[in-house]
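Source file: final-v9.txt; contents: compact mmCIF, C-alpha atoms.
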```txt
# COMPACT_ATOMS: atom_id res chain seq x y z
CA MET V 1 12.53 -3.73 63.39
CA ASN V 2 8.99 -2.45 63.69
CA ILE V 3 9.28 -0.23 60.66
CA ILE V 4 6.84 -2.44 58.81
CA PRO V 5 3.32 -1.84 60.14
CA ILE V 6 1.76 -4.71 62.01
CA GLU V 7 -1.17 -4.70 59.59
CA TYR V 8 1.04 -5.91 56.74
CA TYR V 9 1.81 -9.14 58.54
CA LEU V 10 -1.81 -9.60 59.56
CA VAL V 11 -3.09 -9.05 56.03
CA LEU V 12 -0.52 -11.53 54.72
CA SER V 13 -1.69 -14.01 57.33
CA ALA V 14 -5.31 -13.43 56.30
CA PHE V 15 -4.45 -14.02 52.65
CA MET V 16 -2.66 -17.26 53.50
CA PHE V 17 -5.65 -18.37 55.53
CA ALA V 18 -8.01 -17.56 52.66
CA VAL V 19 -5.86 -19.54 50.22
CA GLY V 20 -5.91 -22.46 52.65
CA ILE V 21 -9.71 -22.39 52.97
CA THR V 22 -10.05 -22.23 49.20
CA GLY V 23 -7.89 -25.32 48.85
CA VAL V 24 -9.87 -27.25 51.43
CA LEU V 25 -13.10 -26.33 49.65
CA ILE V 26 -12.17 -26.94 46.03
CA ARG V 27 -9.62 -29.76 45.95
CA LYS V 28 -10.65 -33.38 45.64
CA ASN V 29 -7.48 -35.13 46.77
CA ALA V 30 -7.43 -35.73 50.52
CA ILE V 31 -3.67 -35.13 50.75
CA VAL V 32 -3.95 -31.70 49.13
CA VAL V 33 -6.69 -30.91 51.65
CA PHE V 34 -4.15 -31.82 54.30
CA MET V 35 -1.56 -29.48 52.85
CA CYS V 36 -4.11 -26.68 52.87
CA ILE V 37 -4.87 -27.33 56.53
CA GLU V 38 -1.15 -26.94 57.20
CA LEU V 39 -1.28 -23.63 55.29
CA MET V 40 -4.05 -22.37 57.57
CA LEU V 41 -2.17 -23.44 60.69
CA ASN V 42 0.91 -21.65 59.38
CA SER V 43 -1.02 -18.44 58.83
CA ALA V 44 -2.34 -18.62 62.40
CA ASN V 45 1.23 -19.15 63.61
CA LEU V 46 2.38 -16.13 61.63
CA ALA V 47 -0.27 -13.97 63.30
CA LEU V 48 0.75 -15.29 66.73
CA VAL V 49 4.43 -14.55 66.16
CA THR V 50 3.54 -11.11 64.82
CA PHE V 51 1.56 -10.20 67.93
CA SER V 52 4.26 -11.67 70.13
CA SER V 53 6.96 -9.65 68.44
CA TYR V 54 5.08 -6.36 68.29
CA LEU V 55 3.95 -6.58 71.90
CA GLY V 56 7.36 -7.69 73.17
CA ASN V 57 5.81 -10.69 74.90
CA ALA V 58 7.25 -14.16 74.36
CA ALA V 59 4.06 -16.04 75.28
CA GLY V 60 2.80 -15.91 71.69
CA GLN V 61 5.82 -17.86 70.51
CA VAL V 62 5.15 -20.53 73.13
CA PHE V 63 1.67 -20.96 71.65
CA VAL V 64 3.27 -21.41 68.25
CA PHE V 65 5.07 -24.46 69.62
CA PHE V 66 1.78 -25.87 70.86
CA VAL V 67 0.17 -25.30 67.47
CA MET V 68 3.11 -26.99 65.76
CA THR V 69 2.86 -30.01 68.05
CA VAL V 70 -0.84 -30.41 67.40
CA ALA V 71 -0.26 -29.92 63.67
CA ALA V 72 2.33 -32.69 63.64
CA ALA V 73 0.00 -34.99 65.59
CA GLU V 74 -2.91 -34.17 63.29
CA SER V 75 -0.93 -34.82 60.13
CA ALA V 76 0.46 -38.13 61.44
CA VAL V 77 -2.94 -39.50 62.41
CA GLY V 78 -4.65 -38.04 59.35
CA LEU V 79 -2.19 -39.55 56.91
CA ALA V 80 -2.50 -42.88 58.71
CA ILE V 81 -6.27 -42.70 58.20
CA ILE V 82 -5.82 -41.74 54.54
CA ILE V 83 -3.47 -44.69 54.00
CA ALA V 84 -5.92 -47.05 55.71
CA ILE V 85 -8.76 -45.76 53.49
CA PHE V 86 -6.60 -46.07 50.39
CA ARG V 87 -5.83 -49.66 51.26
CA ASN V 88 -9.54 -50.49 51.45
CA LYS V 89 -11.01 -48.33 48.69
CA LEU V 90 -7.98 -47.70 46.42
CA THR V 91 -8.77 -44.00 46.20
CA VAL V 92 -8.08 -40.79 48.13
CA ASN V 93 -10.70 -38.82 46.24
CA ILE V 94 -12.92 -37.31 48.92
CA ASP V 95 -15.98 -37.57 46.66
CA GLU V 96 -15.69 -41.34 46.55
CA ILE V 97 -15.03 -41.84 50.27
CA ASN V 98 -18.66 -42.09 51.35
CA ILE V 99 -18.62 -45.31 53.36
CA PHE V 100 -20.60 -43.72 56.20
CA LYS V 101 -23.47 -42.94 53.85
CA TRP V 102 -26.32 -45.42 53.57
CA MET I 1 13.18 1.80 50.73
CA ASN I 2 14.53 0.10 53.78
CA ILE I 3 16.27 -3.27 53.70
CA TYR I 4 13.59 -4.63 56.05
CA ASP I 5 10.89 -3.65 53.58
CA ILE I 6 12.67 -5.41 50.74
CA VAL I 7 13.16 -8.59 52.76
CA PHE I 8 9.57 -8.49 53.97
CA TYR I 9 8.14 -8.09 50.48
CA LEU I 10 10.45 -10.83 49.15
CA PHE I 11 9.41 -13.38 51.75
CA ALA I 12 5.76 -12.33 51.60
CA ALA I 13 5.80 -12.81 47.82
CA ILE I 14 7.46 -16.23 48.12
CA THR I 15 4.91 -17.29 50.72
CA LEU I 16 1.82 -16.07 48.89
CA VAL I 17 2.80 -17.20 45.41
CA SER I 18 3.79 -20.68 46.49
CA ALA I 19 0.68 -20.95 48.71
CA PHE I 20 -1.36 -20.07 45.63
CA PHE I 21 0.38 -22.77 43.62
CA VAL I 22 -0.20 -25.35 46.37
CA VAL I 23 -3.91 -24.89 45.79
CA THR I 24 -3.97 -24.52 42.02
CA THR I 25 -1.43 -27.06 40.75
CA ARG I 26 -2.98 -30.24 39.38
CA ASN I 27 -0.02 -32.45 40.26
CA ILE I 28 0.08 -33.17 43.98
CA VAL I 29 3.86 -33.65 44.02
CA TYR I 30 4.23 -30.07 42.77
CA SER I 31 1.78 -29.01 45.49
CA ALA I 32 4.02 -30.62 48.10
CA PHE I 33 7.12 -28.87 46.77
CA ASN I 34 5.35 -25.52 46.69
CA LEU I 35 4.36 -26.12 50.29
CA LEU I 36 8.10 -26.38 51.01
CA PHE I 37 8.65 -22.85 49.69
CA THR I 38 5.70 -21.59 51.71
CA PHE I 39 7.20 -22.99 54.88
CA PHE I 40 10.58 -21.43 54.07
CA GLY I 41 8.94 -18.07 53.37
CA VAL I 42 7.11 -18.15 56.69
CA ALA I 43 10.38 -19.11 58.44
CA GLY I 44 12.04 -16.07 56.85
CA LEU I 45 9.24 -13.85 58.13
CA TYR I 46 9.76 -15.29 61.62
CA VAL I 47 13.42 -14.31 61.44
CA LEU I 48 12.39 -10.83 60.33
CA LEU I 49 10.07 -10.63 63.33
CA GLY I 50 12.94 -11.48 65.67
CA ALA I 51 11.68 -15.00 66.48
CA ASP I 52 14.82 -16.92 65.62
CA PHE I 53 14.11 -20.07 67.61
CA VAL I 54 10.60 -20.40 66.21
CA ALA I 55 12.03 -20.04 62.70
CA VAL I 56 14.48 -22.88 63.23
CA VAL I 57 11.77 -25.06 64.76
CA GLN I 58 9.50 -24.22 61.83
CA ILE I 59 12.10 -25.49 59.38
CA MET I 60 12.87 -28.58 61.46
CA VAL I 61 9.31 -29.60 62.28
CA TYR I 62 7.41 -28.52 59.17
CA VAL I 63 9.98 -29.10 56.46
CA GLY I 64 11.79 -31.98 58.13
CA GLY I 65 8.78 -33.69 59.61
CA ILE I 66 5.35 -32.81 58.29
CA LEU I 67 6.34 -32.28 54.67
CA ILE I 68 8.26 -35.55 54.55
CA LEU I 69 5.23 -37.25 56.08
CA ILE I 70 2.99 -35.71 53.40
CA LEU I 71 5.39 -36.83 50.67
CA PHE I 72 5.26 -40.35 52.08
CA GLY I 73 1.48 -40.08 51.98
CA VAL I 74 1.66 -39.03 48.32
CA MET I 75 3.94 -41.95 47.49
CA LEU I 76 1.92 -44.51 49.42
CA THR I 77 -1.46 -43.52 48.01
CA ASN I 78 -0.53 -43.13 44.34
CA LYS I 79 0.87 -45.92 42.32
CA ILE I 80 3.67 -44.79 40.05
CA THR I 81 2.30 -46.83 37.17
CA ASN I 82 -1.18 -45.38 36.92
CA VAL I 83 -1.44 -41.65 36.33
CA GLN I 84 -3.82 -40.94 39.18
CA ILE I 85 -1.50 -38.26 40.52
CA LYS I 86 -3.41 -35.45 38.83
CA THR I 87 -6.57 -34.51 40.65
CA GLY I 88 -9.58 -32.42 39.84
CA THR I 89 -11.42 -29.61 41.55
CA LEU I 90 -15.02 -29.12 42.51
CA GLN I 91 -17.37 -26.15 42.94
CA VAL I 92 -14.69 -23.55 42.29
CA ILE I 93 -16.82 -20.44 41.70
CA PRO I 94 -19.06 -20.60 44.82
CA ALA I 95 -16.09 -21.53 47.00
CA VAL I 96 -13.99 -18.63 45.74
CA ILE I 97 -16.86 -16.16 46.18
CA GLY I 98 -17.44 -17.32 49.76
CA VAL I 99 -13.76 -17.21 50.62
CA LEU I 100 -13.35 -13.73 49.12
CA LEU I 101 -16.27 -12.48 51.24
CA LEU I 102 -14.71 -14.00 54.36
CA ALA I 103 -11.26 -12.64 53.56
CA GLY I 104 -12.70 -9.19 52.86
CA VAL I 105 -14.44 -9.08 56.23
CA LEU I 106 -11.32 -10.42 57.96
CA ILE I 107 -8.96 -7.94 56.35
CA PHE I 108 -11.00 -4.76 56.17
CA LYS I 109 -13.14 -5.05 59.29
CA VAL I 110 -10.96 -6.99 61.73
CA PHE I 111 -7.36 -6.36 60.82
CA LEU I 112 -7.41 -2.90 59.30
CA GLY I 113 -10.35 -1.71 61.40
CA THR I 114 -8.68 -2.30 64.75
CA GLU I 115 -6.19 -0.04 66.49
CA TRP I 116 -3.36 -2.45 67.28
CA LYS I 117 -1.17 -1.63 70.22
CA SER I 118 2.49 -2.12 69.53
CA VAL I 119 5.59 -1.58 71.61
CA LYS I 120 8.48 0.05 69.84
CA THR I 121 11.28 -2.44 70.10
CA ASP I 122 14.62 -2.70 68.41
CA ILE I 123 16.03 -5.81 66.82
CA PRO I 124 16.59 -8.26 69.67
CA VAL I 125 20.27 -9.06 69.82
CA LYS I 126 19.98 -12.05 72.12
CA THR I 127 18.23 -15.25 71.23
CA THR I 128 14.67 -15.92 72.32
CA ALA I 129 15.35 -19.55 73.24
CA PHE I 130 16.09 -18.72 76.89
CA ALA I 131 12.82 -16.83 77.45
CA LEU I 132 10.82 -19.50 75.62
CA GLY I 133 12.34 -22.36 77.59
CA LYS I 134 11.68 -20.56 80.85
CA LEU I 135 8.04 -19.97 79.91
CA LEU I 136 7.63 -23.61 78.85
CA ILE I 137 8.73 -25.01 82.19
CA THR I 138 7.09 -22.41 84.42
CA ASP I 139 3.84 -20.87 83.17
CA TYR I 140 2.90 -23.44 80.55
CA VAL I 141 4.28 -26.61 82.09
CA LEU I 142 0.87 -28.31 82.28
CA ILE I 143 0.19 -27.83 78.56
CA PHE I 144 3.75 -28.95 77.87
CA GLU I 145 3.18 -32.23 79.72
CA LEU I 146 -0.22 -32.74 78.10
CA LEU I 147 1.32 -32.30 74.67
CA GLY I 148 3.90 -34.93 75.56
CA ILE I 149 1.08 -37.36 76.34
CA LEU I 150 -0.68 -36.33 73.12
CA LEU I 151 2.43 -37.14 71.10
CA LEU I 152 2.70 -40.54 72.76
CA VAL I 153 -0.96 -41.29 71.98
CA VAL I 154 -0.45 -40.15 68.38
CA LEU I 155 2.64 -42.33 68.03
CA ILE I 156 0.71 -45.43 69.05
CA GLY I 157 -2.49 -44.44 67.25
CA ALA I 158 -0.90 -43.64 63.90
CA ALA I 159 1.08 -46.87 63.90
CA THR I 160 -2.03 -48.87 64.79
CA ILE I 161 -4.23 -47.25 62.14
CA ALA I 162 -1.70 -47.45 59.33
CA ARG I 163 -0.66 -51.01 60.08
CA ARG I 164 -1.71 -53.66 57.64
CA GLU I 165 -4.20 -56.02 59.24
CA LYS I 166 -3.56 -59.70 59.18
```
Before we go any further, please render this structure as structure tokens.
Amino acid sequence: MNIIPIEYYLVLSAFMFAVGITGVLIRKNAIVVFMCIELMLNSANLALVTFSSYLGNAAGQVFVFFVMTVAAAESAVGLAIIIAIFRNKLTVNIDEINIFKW
Amino acid sequence: MNIYDIVFYLFAAITLVSAFFVVTTRNIVYSAFNLLFTFFGVAGLYVLLGADFVAVVQIMVYVGGILILILFGVMLTNKITNVQIKTGTLQVIPAVIGVLLLAGVLIFKVFLGTEWKSVKTDIPVKTTAFALGKLLITDYVLIFELLGILLLVVLIGAATIARREK
């Protein structure tokens, strides 16, 4: 199984993380920002599973479950907040959501 | 070229290309569907790494749960009648330069610059579910319980926030 060097998986994970950061920085729609956060969490999960597999230690995969749980919680609450904001301001454009500014 | 190499490059390509399209597509429904392919690609890589249970949970939780939730978010925040579904971008050039710097440091200094220890293991024939379940109820039982409480809080909180006020 370990014919592929561990660095390949890590570099792939780094690329996914970079794509996720780019999306968070450049996109205006709050839901796309959410998707990019999920991308970053997935790349972290990939790195955890890689280390777990190459070290022969199952603890890394347990952490993946924890990350998934927190990701599900985060996306549920976040989308609820986005829907509440949309109901009040009729937009999910993060440039126009500046109700804390005065 | 080994069969593992081919499968790895296939899933890596699916993951990276669809991740790229998640960020660059103007239509957010297409972004959501590309996210689906990213999740499937990552699940395939988990199978390749011998983490079968994590792969199944990835498909069930991410594709079956989070992606559906995101699609509901898309549908609830965009009216079908007005064409607000396309969205713009902001500050692309500085963001890309900064991210490329960060990714360069991450890849060339951290990942390729470190000697990673790895144990030579064969393809695990038995499933990992037994070992994972044992770890969850012995070593990590406190975190397990805390996450249960977190999910309960989230259940109540999300319903309260999203509810229409009278």
task = Work out how far apart CA of Ile6 in chain I and CA of Val54 in chain I are and give it in Å to one decimal.
result =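 Separation of CA of Ile6 in chain I and CA of Val54 in chain I: 21.6 Å.
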Spatial neighbours of range 73-88 of chain V, 7 Å, all atoms listed in the file, chain gap at least 4 places, as an NGL selection string = (:V and (69 or 92)) or (:I and (66 or 73 or 77 or 151 or 154 or 157-158 or 161-162))
Only residues of chain I matter here; which ones have an atom within 7 Å of chain V, counting all atoms listed in the file? Give them as a PDB file with C-alpha atoms, keeping the file's coordinate frame.
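Saved the output as out_22.pdb:
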```pdb
ATOM      1  CA  ASP I   5      10.890  -3.650  53.580  1.00  0.00           C
ATOM      2  CA  LEU I  16       1.820 -16.070  48.890  1.00  0.00           C
ATOM      3  CA  ALA I  19       0.680 -20.950  48.710  1.00  0.00           C
ATOM      4  CA  PHE I  20      -1.360 -20.070  45.630  1.00  0.00           C
ATOM      5  CA  VAL I  23      -3.910 -24.890  45.790  1.00  0.00           C
ATOM      6  CA  ILE I  28       0.080 -33.170  43.980  1.00  0.00           C
ATOM      7  CA  LEU I  49      10.070 -10.630  63.330  1.00  0.00           C
ATOM      8  CA  GLY I  50      12.940 -11.480  65.670  1.00  0.00           C
ATOM      9  CA  VAL I  54      10.600 -20.400  66.210  1.00  0.00           C
ATOM     10  CA  ILE I  66       5.350 -32.810  58.290  1.00  0.00           C
ATOM     11  CA  GLY I  73       1.480 -40.080  51.980  1.00  0.00           C
ATOM     12  CA  THR I  77      -1.460 -43.520  48.010  1.00  0.00           C
ATOM     13  CA  THR I  87      -6.570 -34.510  40.650  1.00  0.00           C
ATOM     14  CA  GLY I  88      -9.580 -32.420  39.840  1.00  0.00           C
ATOM     15  CA  THR I  89     -11.420 -29.610  41.550  1.00  0.00           C
ATOM     16  CA  LEU I  90     -15.020 -29.120  42.510  1.00  0.00           C
ATOM     17  CA  GLN I  91     -17.370 -26.150  42.940  1.00  0.00           C
ATOM     18  CA  VAL I  92     -14.690 -23.550  42.290  1.00  0.00           C
ATOM     19  CA  ALA I  95     -16.090 -21.530  47.000  1.00  0.00           C
ATOM     20  CA  VAL I  96     -13.990 -18.630  45.740  1.00  0.00           C
ATOM     21  CA  VAL I  99     -13.760 -17.210  50.620  1.00  0.00           C
ATOM     22  CA  ALA I 103     -11.260 -12.640  53.560  1.00  0.00           C
ATOM     23  CA  LEU I 106     -11.320 -10.420  57.960  1.00  0.00           C
ATOM     24  CA  ILE I 107      -8.960  -7.940  56.350  1.00  0.00           C
ATOM     25  CA  PHE I 111      -7.360  -6.360  60.820  1.00  0.00           C
ATOM     26  CA  LEU I 112      -7.410  -2.900  59.300  1.00  0.00           C
ATOM     27  CA  SER I 118       2.490  -2.120  69.530  1.00  0.00           C
ATOM     28  CA  VAL I 119       5.590  -1.580  71.610  1.00  0.00           C
ATOM     29  CA  LYS I 120       8.480   0.050  69.840  1.00  0.00           C
ATOM     30  CA  THR I 121      11.280  -2.440  70.100  1.00  0.00           C
ATOM     31  CA  ASP I 122      14.620  -2.700  68.410  1.00  0.00           C
ATOM     32  CA  ILE I 123      16.030  -5.810  66.820  1.00  0.00           C
ATOM     33  CA  ALA I 131      12.820 -16.830  77.450  1.00  0.00           C
ATOM     34  CA  LEU I 132      10.820 -19.500  75.620  1.00  0.00           C
ATOM     35  CA  LEU I 136       7.630 -23.610  78.850  1.00  0.00           C
ATOM     36  CA  LEU I 151       2.430 -37.140  71.100  1.00  0.00           C
ATOM     37  CA  VAL I 154      -0.450 -40.150  68.380  1.00  0.00           C
ATOM     38  CA  GLY I 157      -2.490 -44.440  67.250  1.00  0.00           C
ATOM     39  CA  ALA I 158      -0.900 -43.640  63.900  1.00  0.00           C
ATOM     40  CA  ILE I 161      -4.230 -47.250  62.140  1.00  0.00           C
ATOM     41  CA  ALA I 162      -1.700 -47.450  59.330  1.00  0.00           C
TER      42      ALA I 162
END
```
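The spacing separating CA of Thr128 in chain I from CA of Val141 in chain I amounts to 17.8 Å.
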request  = Rounded to one decimal place, report the CA of Phe130 in chain I-CA of Val57 in chain I distance in Å.
outcome  =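 CA of Phe130 in chain I sits 14.4 Å away from CA of Val57 in chain I.
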N, CA and C atoms restored at range 68-98 of chain V, emitted as a PDB file, keeping the file's coordinate frame:
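And here's rebuild-v9.pdb as it stands now:
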```pdb
ATOM      1  N   MET V  68       2.289 -26.105  66.577  1.00  0.00           N
ATOM      2  CA  MET V  68       3.110 -26.990  65.760  1.00  0.00           C
ATOM      3  C   MET V  68       2.991 -28.439  66.219  1.00  0.00           C
ATOM      4  N   THR V  69       2.974 -28.642  67.535  1.00  0.00           N
ATOM      5  CA  THR V  69       2.860 -30.010  68.050  1.00  0.00           C
ATOM      6  C   THR V  69       1.542 -30.638  67.610  1.00  0.00           C
ATOM      7  N   VAL V  70       0.460 -29.869  67.780  1.00  0.00           N
ATOM      8  CA  VAL V  70      -0.840 -30.410  67.400  1.00  0.00           C
ATOM      9  C   VAL V  70      -0.915 -30.626  65.896  1.00  0.00           C
ATOM     10  N   ALA V  71      -0.265 -29.742  65.119  1.00  0.00           N
ATOM     11  CA  ALA V  71      -0.260 -29.920  63.670  1.00  0.00           C
ATOM     12  C   ALA V  71       0.468 -31.205  63.280  1.00  0.00           C
ATOM     13  N   ALA V  72       1.592 -31.462  63.943  1.00  0.00           N
ATOM     14  CA  ALA V  72       2.330 -32.690  63.640  1.00  0.00           C
ATOM     15  C   ALA V  72       1.496 -33.913  64.005  1.00  0.00           C
ATOM     16  N   ALA V  73       0.837 -33.869  65.167  1.00  0.00           N
ATOM     17  CA  ALA V  73       0.000 -34.990  65.590  1.00  0.00           C
ATOM     18  C   ALA V  73      -1.134 -35.209  64.600  1.00  0.00           C
ATOM     19  N   GLU V  74      -1.768 -34.089  64.204  1.00  0.00           N
ATOM     20  CA  GLU V  74      -2.910 -34.170  63.290  1.00  0.00           C
ATOM     21  C   GLU V  74      -2.479 -34.749  61.947  1.00  0.00           C
ATOM     22  N   SER V  75      -1.317 -34.309  61.452  1.00  0.00           N
ATOM     23  CA  SER V  75      -0.930 -34.820  60.130  1.00  0.00           C
ATOM     24  C   SER V  75      -0.519 -36.284  60.203  1.00  0.00           C
ATOM     25  N   ALA V  76       0.082 -36.710  61.329  1.00  0.00           N
ATOM     26  CA  ALA V  76       0.460 -38.130  61.440  1.00  0.00           C
ATOM     27  C   ALA V  76      -0.771 -39.015  61.455  1.00  0.00           C
ATOM     28  N   VAL V  77      -1.746 -38.674  62.321  1.00  0.00           N
ATOM     29  CA  VAL V  77      -2.940 -39.500  62.410  1.00  0.00           C
ATOM     30  C   VAL V  77      -3.760 -39.424  61.125  1.00  0.00           C
ATOM     31  N   GLY V  78      -3.867 -38.210  60.564  1.00  0.00           N
ATOM     32  CA  GLY V  78      -4.650 -38.040  59.350  1.00  0.00           C
ATOM     33  C   GLY V  78      -4.088 -38.834  58.186  1.00  0.00           C
ATOM     34  N   LEU V  79      -2.768 -38.787  58.017  1.00  0.00           N
ATOM     35  CA  LEU V  79      -2.190 -39.550  56.910  1.00  0.00           C
ATOM     36  C   LEU V  79      -2.327 -41.041  57.153  1.00  0.00           C
ATOM     37  N   ALA V  80      -2.263 -41.463  58.424  1.00  0.00           N
ATOM     38  CA  ALA V  80      -2.500 -42.880  58.710  1.00  0.00           C
ATOM     39  C   ALA V  80      -3.909 -43.279  58.293  1.00  0.00           C
ATOM     40  N   ILE V  81      -4.885 -42.406  58.592  1.00  0.00           N
ATOM     41  CA  ILE V  81      -6.270 -42.700  58.200  1.00  0.00           C
ATOM     42  C   ILE V  81      -6.394 -42.744  56.681  1.00  0.00           C
ATOM     43  N   ILE V  82      -5.745 -41.762  56.007  1.00  0.00           N
ATOM     44  CA  ILE V  82      -5.820 -41.740  54.540  1.00  0.00           C
ATOM     45  C   ILE V  82      -5.229 -43.017  53.956  1.00  0.00           C
ATOM     46  N   ILE V  83      -4.098 -43.476  54.525  1.00  0.00           N
ATOM     47  CA  ILE V  83      -3.470 -44.690  54.000  1.00  0.00           C
ATOM     48  C   ILE V  83      -4.364 -45.898  54.250  1.00  0.00           C
ATOM     49  N   ALA V  84      -5.012 -45.937  55.426  1.00  0.00           N
ATOM     50  CA  ALA V  84      -5.920 -47.050  55.710  1.00  0.00           C
ATOM     51  C   ALA V  84      -7.092 -47.055  54.737  1.00  0.00           C
ATOM     52  N   ILE V  85      -7.638 -45.843  54.439  1.00  0.00           N
ATOM     53  CA  ILE V  85      -8.760 -45.760  53.490  1.00  0.00           C
ATOM     54  C   ILE V  85      -8.305 -46.168  52.101  1.00  0.00           C
ATOM     55  N   PHE V  86      -7.096 -45.724  51.725  1.00  0.00           N
ATOM     56  CA  PHE V  86      -6.600 -46.070  50.390  1.00  0.00           C
ATOM     57  C   PHE V  86      -6.423 -47.569  50.253  1.00  0.00           C
ATOM     58  N   ARG V  87      -6.033 -48.216  51.350  1.00  0.00           N
ATOM     59  CA  ARG V  87      -5.830 -49.660  51.260  1.00  0.00           C
ATOM     60  C   ARG V  87      -7.161 -50.378  51.032  1.00  0.00           C
ATOM     61  N   ASN V  88      -8.247 -49.833  51.599  1.00  0.00           N
ATOM     62  CA  ASN V  88      -9.540 -50.490  51.450  1.00  0.00           C
ATOM     63  C   ASN V  88     -10.254 -50.100  50.179  1.00  0.00           C
ATOM     64  N   LYS V  89     -10.202 -48.795  49.802  1.00  0.00           N
ATOM     65  CA  LYS V  89     -11.010 -48.330  48.690  1.00  0.00           C
ATOM     66  C   LYS V  89     -10.209 -48.005  47.442  1.00  0.00           C
ATOM     67  N   LEU V  90      -8.868 -48.003  47.531  1.00  0.00           N
ATOM     68  CA  LEU V  90      -7.980 -47.700  46.420  1.00  0.00           C
ATOM     69  C   LEU V  90      -8.227 -46.320  45.826  1.00  0.00           C
ATOM     70  N   THR V  91      -8.629 -45.371  46.664  1.00  0.00           N
ATOM     71  CA  THR V  91      -8.770 -44.000  46.200  1.00  0.00           C
ATOM     72  C   THR V  91      -8.589 -43.058  47.390  1.00  0.00           C
ATOM     73  N   VAL V  92      -8.093 -41.831  47.095  1.00  0.00           N
ATOM     74  CA  VAL V  92      -8.080 -40.790  48.130  1.00  0.00           C
ATOM     75  C   VAL V  92      -8.955 -39.623  47.690  1.00  0.00           C
ATOM     76  N   ASN V  93      -9.779 -39.848  46.703  1.00  0.00           N
ATOM     77  CA  ASN V  93     -10.700 -38.820  46.240  1.00  0.00           C
ATOM     78  C   ASN V  93     -11.822 -38.671  47.258  1.00  0.00           C
ATOM     79  N   ILE V  94     -11.976 -37.451  47.819  1.00  0.00           N
ATOM     80  CA  ILE V  94     -12.920 -37.310  48.920  1.00  0.00           C
ATOM     81  C   ILE V  94     -14.369 -37.404  48.461  1.00  0.00           C
ATOM     82  N   ASP V  95     -14.616 -37.354  47.139  1.00  0.00           N
ATOM     83  CA  ASP V  95     -15.980 -37.570  46.660  1.00  0.00           C
ATOM     84  C   ASP V  95     -16.380 -39.037  46.748  1.00  0.00           C
ATOM     85  N   GLU V  96     -15.376 -39.912  46.594  1.00  0.00           N
ATOM     86  CA  GLU V  96     -15.690 -41.340  46.550  1.00  0.00           C
ATOM     87  C   GLU V  96     -15.610 -41.996  47.921  1.00  0.00           C
ATOM     88  N   ILE V  97     -15.094 -41.271  48.917  1.00  0.00           N
ATOM     89  CA  ILE V  97     -15.030 -41.840  50.270  1.00  0.00           C
ATOM     90  C   ILE V  97     -16.348 -41.508  50.956  1.00  0.00           C
ATOM     91  N   ASN V  98     -17.356 -42.352  50.740  1.00  0.00           N
ATOM     92  CA  ASN V  98     -18.660 -42.090  51.350  1.00  0.00           C
ATOM     93  C   ASN V  98     -19.157 -43.338  52.047  1.00  0.00           C
TER      94      ASN V  98
END
```
